[in-house]
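First comes the structure, then the notes that go with it.
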Amino acid sequence: MTLLNNSISDSIILTEDQQIIHDDILKRIVDIVPNYKNYSKEKRMFSIEGSAGMGKSVLTSFIVKFLVDDYKIHVSTPTHKSLGVLNEMLMKNDLRGQIDTTTIHSYLKLSPKEDYENGQLILEIIPDSKLTKVDVLLIDEASMVGKSLYNFIDDAMNRGLVKCIIWVSDKHQLDPVLDEINPIYN
């Protein structure tokens with residue numbers, strides 16, 4: 001079952017394996033979003049993993065292109081640098097401006113606060129801030145999401161503010177800085 005023509009343009013098409021992954025994720029999202037409360041958190045999370053050049057960006061572009069008209073989507077990354085790269089990719093695929101993109105910290109309304117006792121920065125929710133409810137949160141460069149940031153994402157899912165998450169990562173990329181690897185990669 002192909003949920004979308006397997007090309008964004010005449011020059012970009014999905015491989016057979018990408019099409020299978022694309023269709024599987026989209027079928028599950030389409031089924032889950034209207035009744036997300038009936039699904040465990042684990043069933044509402046999807047992971048796209050691969051090394052550089054394996055087609056993760058192309059695949060995620062196709063997924064976003066399918067979802068953009070009927071679902072509230074937010075695309076995020078852990079850093080501003082990776083957000084810039086992501087926005088370029090979305091622009092190339094005529095998706096920029098159709099969806100919200102920010103760092104994960106901005107989406108979750110998090111601010112760093114210095115813990116003077118431990119000499120570390122900790123994350124806190126900005127007082128009186130309101131999180132935007134989304135059907136799908138796509139997190140690119142997810143290998144850089146540490147356990148502490150993951151806990152805030154997990155809380156948003158538990159509160160029903162995020163119905164589904166797509167984690168996109170390369171296990172050969174950087175691990176979280178000064179934090180443990182998040183539970184989805186253990």
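Starting from 1 in every chain, residues are counted up; chains themselves are A, B, ... following the order of the structure tokens, and ligands are numbered from 1 as listed.
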
| query | Do you know which residues are at most 8 Å from Lys163 (chain A) counting only C-alpha atoms, after dropping those on the same chain fewer than 6 positions away, and could you put them as a PyMOL selection string? | reply | chain A and resi 33+36+44+134-137+157

| message | Given only C-alpha atoms as the basis, pick out the residue of A:Ser148, A:Thr79, A:Asn87, A:Gln19 nearest to Leu121 (chain A). | response |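 So, comparing all the options, the nearest one is A:Ser148.
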
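If you measure from each of A:Met144, A:Ile153, A:Ile21, A:Val30 to Leu67 (chain A) using only C-alpha atoms, the closest one turns out to be A:Val30.
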
| region 1-128 of chain A: which residues are strand (DSSP E or B) by DSSP, as a ChimeraX atom specification? | /A:7,13,45-49,73-77,96,99-103,110-115,120-125

| said: Env of Thr101 (chain A): 10 Å cut, atoms = only C-alpha atoms, seq-sep filter 5 positions within chain, self excluded. Answer as a list in words. | reply: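 These residues fall inside the cut-off: Ile73, His74, Val75, Ser76, Thr77, Leu83, Gly84, Leu86, Asn87, Leu90, Arg96, Ser106, Tyr107, Leu137, Leu138 and Ile139 of chain A.
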
| Spatial neighbours of Val68 (chain A), 10 Å, only C-alpha atoms, chain gap at least 3 places, as a VMD selection string | chain A and resid 63 to 65 71 to 74 95 98 to 99 136

Can you write out the residues you just picked, keeping N, CA, C and O atoms, as a PDB file, in the first residue's frame?
ATOM      1  N   ILE A  63       7.515  12.063   4.524  1.00  0.00           N
ATOM      2  CA  ILE A  63       6.572  11.871   5.629  1.00  0.00           C
ATOM      3  C   ILE A  63       5.898  13.195   5.982  1.00  0.00           C
ATOM      4  O   ILE A  63       4.676  13.280   6.097  1.00  0.00           O
ATOM      5  N   VAL A  64       6.704  14.245   6.129  1.00  0.00           N
ATOM      6  CA  VAL A  64       6.157  15.560   6.452  1.00  0.00           C
ATOM      7  C   VAL A  64       5.230  16.039   5.339  1.00  0.00           C
ATOM      8  O   VAL A  64       4.148  16.571   5.604  1.00  0.00           O
ATOM      9  N   LYS A  65       5.625  15.840   4.098  1.00  0.00           N
ATOM     10  CA  LYS A  65       4.806  16.269   2.945  1.00  0.00           C
ATOM     11  C   LYS A  65       3.424  15.605   2.997  1.00  0.00           C
ATOM     12  O   LYS A  65       2.413  16.239   2.703  1.00  0.00           O
ATOM     13  N   TYR A  71      -2.492  17.309   9.589  1.00  0.00           N
ATOM     14  CA  TYR A  71      -2.023  17.103  10.957  1.00  0.00           C
ATOM     15  C   TYR A  71      -1.210  18.304  11.418  1.00  0.00           C
ATOM     16  O   TYR A  71      -0.536  18.948  10.628  1.00  0.00           O
ATOM     17  N   LYS A  72      -1.263  18.563  12.703  1.00  0.00           N
ATOM     18  CA  LYS A  72      -0.432  19.612  13.300  1.00  0.00           C
ATOM     19  C   LYS A  72       0.938  18.981  13.570  1.00  0.00           C
ATOM     20  O   LYS A  72       1.066  18.058  14.368  1.00  0.00           O
ATOM     21  N   ILE A  73       1.949  19.483  12.865  1.00  0.00           N
ATOM     22  CA  ILE A  73       3.296  18.922  12.943  1.00  0.00           C
ATOM     23  C   ILE A  73       4.248  19.996  13.458  1.00  0.00           C
ATOM     24  O   ILE A  73       4.130  21.172  13.082  1.00  0.00           O
ATOM     25  N   HIS A  74       5.170  19.570  14.277  1.00  0.00           N
ATOM     26  CA  HIS A  74       6.256  20.459  14.695  1.00  0.00           C
ATOM     27  C   HIS A  74       7.555  19.693  14.476  1.00  0.00           C
ATOM     28  O   HIS A  74       7.669  18.541  14.879  1.00  0.00           O
ATOM     29  N   LEU A  95       8.564  22.873   1.743  1.00  0.00           N
ATOM     30  CA  LEU A  95       7.826  22.660   2.991  1.00  0.00           C
ATOM     31  C   LEU A  95       8.053  23.768   4.006  1.00  0.00           C
ATOM     32  O   LEU A  95       7.305  23.885   4.966  1.00  0.00           O
ATOM     33  N   GLN A  98       5.303  25.946   5.954  1.00  0.00           N
ATOM     34  CA  GLN A  98       4.064  25.177   6.125  1.00  0.00           C
ATOM     35  C   GLN A  98       3.995  24.507   7.497  1.00  0.00           C
ATOM     36  O   GLN A  98       2.931  24.092   7.917  1.00  0.00           O
ATOM     37  N   ILE A  99       5.139  24.402   8.159  1.00  0.00           N
ATOM     38  CA  ILE A  99       5.183  23.769   9.484  1.00  0.00           C
ATOM     39  C   ILE A  99       6.077  24.595  10.403  1.00  0.00           C
ATOM     40  O   ILE A  99       6.931  25.347   9.946  1.00  0.00           O
ATOM     41  N   VAL A 136       2.090  15.404  15.678  1.00  0.00           N
ATOM     42  CA  VAL A 136       3.374  14.740  15.430  1.00  0.00           C
ATOM     43  C   VAL A 136       4.513  15.703  15.738  1.00  0.00           C
ATOM     44  O   VAL A 136       4.552  16.820  15.213  1.00  0.00           O
TER      45      VAL A 136
END

| Given only C-alpha atoms as the counted atoms, nearest of A:Ile48, A:Met89, A:Ile122, A:Leu108 to Val162 (chain A) | A:Leu108

| task | Enumerate as a ChimeraX atom specification all residues of region 1-182 of chain A assigned to alpha helix (DSSP H) by DSSP on the backbone, naming them with the chain letters and numbers the document uses. | result | /A:16-32,56-67,80-92,104-107,147-158

| field | Nearby residues (only C-alpha atoms) at most 8 Å from Ser169 (chain A), same-chain spacing under 5 positions excluded, as a list in words | value |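 So, after excluding close chain neighbours, the residues are Ser47, Ile48, Glu49, Gly50, Asp140, Glu141, Ala142 and Ser143 of chain A.
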
Output file for the selection above: C-alpha atoms, as a PDB file, in the first residue's frame:
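Final file, again_14.pdb:
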ATOM      1  CA  SER A  47      12.501   5.826  14.983  1.00  0.00           C
ATOM      2  CA  ILE A  48      14.307   6.422  11.713  1.00  0.00           C
ATOM      3  CA  GLU A  49      17.991   5.612  12.085  1.00  0.00           C
ATOM      4  CA  GLY A  50      20.796   5.546   9.582  1.00  0.00           C
ATOM      5  CA  ASP A 140      15.956  15.353  13.978  1.00  0.00           C
ATOM      6  CA  GLU A 141      19.481  14.697  15.310  1.00  0.00           C
ATOM      7  CA  ALA A 142      17.780  12.752  18.106  1.00  0.00           C
ATOM      8  CA  SER A 143      21.010  11.054  19.181  1.00  0.00           C
TER       9      SER A 143
END

| message | Just to confirm, what's the straight-line distance from CA of Lys56 (chain A) to CA of Gln18 (chain A) in Å (one decimal)? | response |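 Atom-to-atom, CA of Lys56 (chain A) and CA of Gln18 (chain A) are spaced 8.7 Å apart.
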
| Proximity to Leu59 (chain A) - best of A:Ile125, A:Leu131, A:Leu14, A:Leu149, only C-alpha atoms | A:Leu14

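The gap separating CA of Arg28 (chain A) from CA of Glu16 (chain A) is 18.5 Å, in Å to one decimal.
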